[in-house]
Amino acid sequence: MSSTGPGGGPSTATVIAVAPGRVNLIGDHTDTTGGLVLPMAIDLATTVTGRTGGDRVVLRSAAEPEVAVVPLDVIDPADCSPGWARYVAGVVAELRPSIGFDGEVRTTLPVGAGLSSSAALEVAVALALGFEGSPLELARLTRRAEQRASGVPCGIMDQLASASGVAGHVLLIDCGEETIEPIPMPAGAEVRVVHSGEARVLAGSAYAERRGAVEAAEVVVGPLRAIRDVSDLDALEDPILRRRARHVVTENERVRAFAAAMGQEDLAAAGEAMGASHASLRDDFEVSTPALDALVSRLTATPGVFGARLTGAGFGGCVVALTEPGAIDDGWLVRASAGAHRSTTG
Ligand code: GLA
């Protein structure tokens with residue numbers, strides 16, 4: 001694939017890069033400590049279309065009033081405006097393409113709902129700007145881009161799910177080993193994402209605070225990913241640190257249980273693990289809100305719903321539900337989709 005014209009000038013070829021969002025079925029606030037997560041890439045996605053050329057990355061978005069204009073030598077992505085240009089700049093700063101790009105962004109993802117619209121934008125932009133490498137390398141680069149753009153010390157889950165999705169499969173990801181095991185979505189299962197109506201507030205600063213607490217716990221008891229028995233947390237005297245750590249340790253176990261249940265097509269057991277995950281995020285990690293709790297209760301009480309929980313960082317945003325087909329009709333019906341890809345025409 002050639003991305004520059006003769007003499008390094010503008011290309012006449014049009015690049016089309018597509019990156020899906022993701023929903024996490026179980027395993028939240030575990031990726032930053034090398035734990036287990038179980039997301040899937042979804043059939044809502046961001047597309048970047050355009051041509052290489054010039055010495056800036058210029059992107060227009062149907063969803064944004066202002067154009068993103070990023071020089072190739074951008075120094076501090078977090079300083080860029082408008083806000084969405086920071087994510088573009090984060091990718092430029094990490095990838096350092098030798099030639100600019102002019103194009104447009106379209107997305108079917110709701111922005112800021114917890115379905116990783118920013119990860120999808122970063123992954124699509126990196127591919128459009130000529131990234132070459134494995135999906136894991138793409139995820140590592142775009143995770144760094146997200147951290148530089150937002151200042152949030154996020155894990156690798158969102159970018160890795162977007163880069164590595166497999167159609168019809170959920171992804172059991174070991175964030176410590178950085179390995180992915182696709183598990184077929186059982187027949188007779190549907191995934192719905194329902195917004196709580198509450199924008200995610202303070203998600204960035206509270207996320208960093210929780211991550212700090214988990215790291216402080218690890219200083220005392222060692223890597224949480226290696227702990228299977230919560231009694232190993234007894235050395236933690238601070239009750240808040242103990243609760244935070246207990247969430248991480250028990251969440252890793254729930255991801256294992258959920259993965260096994262999906263493999264056996266035992267949707268009732270999978271749903272039970274989701275309910276327990278929500279309770280732990282609410283009581284031990286304290287990242288739920290009354291609106292998320294009420295939505296989870298309502299969905300869980302609906303016939304045909306196997307389980308429901310908040311998904312992603314929490315503090316507002318969305319709930320994910322595993323259901324029989326057609327059991328609920330609110331929110332988005334999402335299907336497990338292939339990961340990000342790029343094509344060139346002309
Ligand atoms: C955000 C972060 C992820 C992950 C989740 C919580 O989506 O970007 O890395 O930590 O929160 O599981």
# chains A, B, ... in the order shown; residues from 1 in each chain; ligands from 1
$ residues_near_ligand --ligand "ligand 1" --cutoff "8 Å" --atoms "only C-alpha atoms and all ligand atoms" --output "PyMOL selection string"
chain A and resi 24+27-32+37+114-116+152-158+207+311-314
$ residues_around --residues "Ala235 of chain A" --least-positions-apart "4" --cutoff "12 Å" --atoms "only C-alpha atoms" --output "PyMOL selection string"
chain A and resi 217-222+230-231+239+241-242+245
$ residues_around --residues "Ala261 of chain A" --least-positions-apart "5" --cutoff "10 Å" --atoms "only C-alpha atoms" --output "VMD selection string"
chain A and resid 186 255 to 256 266 to 273
$ write_last_selection --atoms "C-alpha atoms" --output "PDB file, in the first residue's frame"
ATOM      1  CA  PRO A 186     -23.562 -18.281  22.876  1.00  0.00           C
ATOM      2  CA  VAL A 255     -14.193 -12.849  34.976  1.00  0.00           C
ATOM      3  CA  ARG A 256     -12.902 -16.437  35.099  1.00  0.00           C
ATOM      4  CA  ASP A 266     -24.672 -21.298  30.846  1.00  0.00           C
ATOM      5  CA  LEU A 267     -26.199 -17.850  30.551  1.00  0.00           C
ATOM      6  CA  ALA A 268     -27.798 -17.939  34.001  1.00  0.00           C
ATOM      7  CA  ALA A 269     -24.363 -18.406  35.601  1.00  0.00           C
ATOM      8  CA  ALA A 270     -22.888 -15.679  33.388  1.00  0.00           C
ATOM      9  CA  GLY A 271     -25.666 -13.313  34.461  1.00  0.00           C
ATOM     10  CA  GLU A 272     -25.094 -14.133  38.121  1.00  0.00           C
ATOM     11  CA  ALA A 273     -21.434 -13.149  37.802  1.00  0.00           C
TER      12      ALA A 273
END
$ atom_distance --atom1 "atom CA of His247 of chain A" --atom2 "atom CA of Val123 of chain A"
29.7 Å
$ select_by_dssp --residues "segment 167-238 of chain A" --states "strand (DSSP E)" --output "VMD selection string"
chain A and resid 169 to 174 179 to 184 190 to 195
$ residues_around --residues "Ser61 of chain A" --least-positions-apart "5" --cutoff "9 Å" --atoms "only C-alpha atoms" --output "number ranges by chain"
A: 66-68, 103-107
$ atom_distance --atom1 "atom CA of Ala41 of chain A" --atom2 "atom CA of Leu25 of chain A"
10.7 Å
$ residues_around --residues "Gly133 of chain A" --least-positions-apart "6" --cutoff "12 Å" --atoms "only C-alpha atoms" --output "list in words"
Leu95, Ala126, Leu127, Ala139, Arg140, Leu141, Ala163 and His341 of chain A
$ select_by_dssp --residues "segment 277-339 of chain A" --states "alpha helix (DSSP H)" --output "MDAnalysis selection string"
chainID A and resid 277:283 290:300
$ closest_residue --among "A:Glu190, A:Glu253, A:Glu324, A:Asp43" --to "Val166 of chain A" --atoms "only C-alpha atoms"
A:Asp43
$ atom_distance --atom1 "atom CA of Val111 of chain A" --atom2 "atom CA of Ser280 of chain A"
26.3 Å
$ residues_around --residues "segment 305-309 of chain A" --least-positions-apart "3" --cutoff "6 Å" --atoms "only C-alpha atoms" --output "PyMOL selection string"
chain A and resi 268+271+274-275+278+296+300+302+319-323
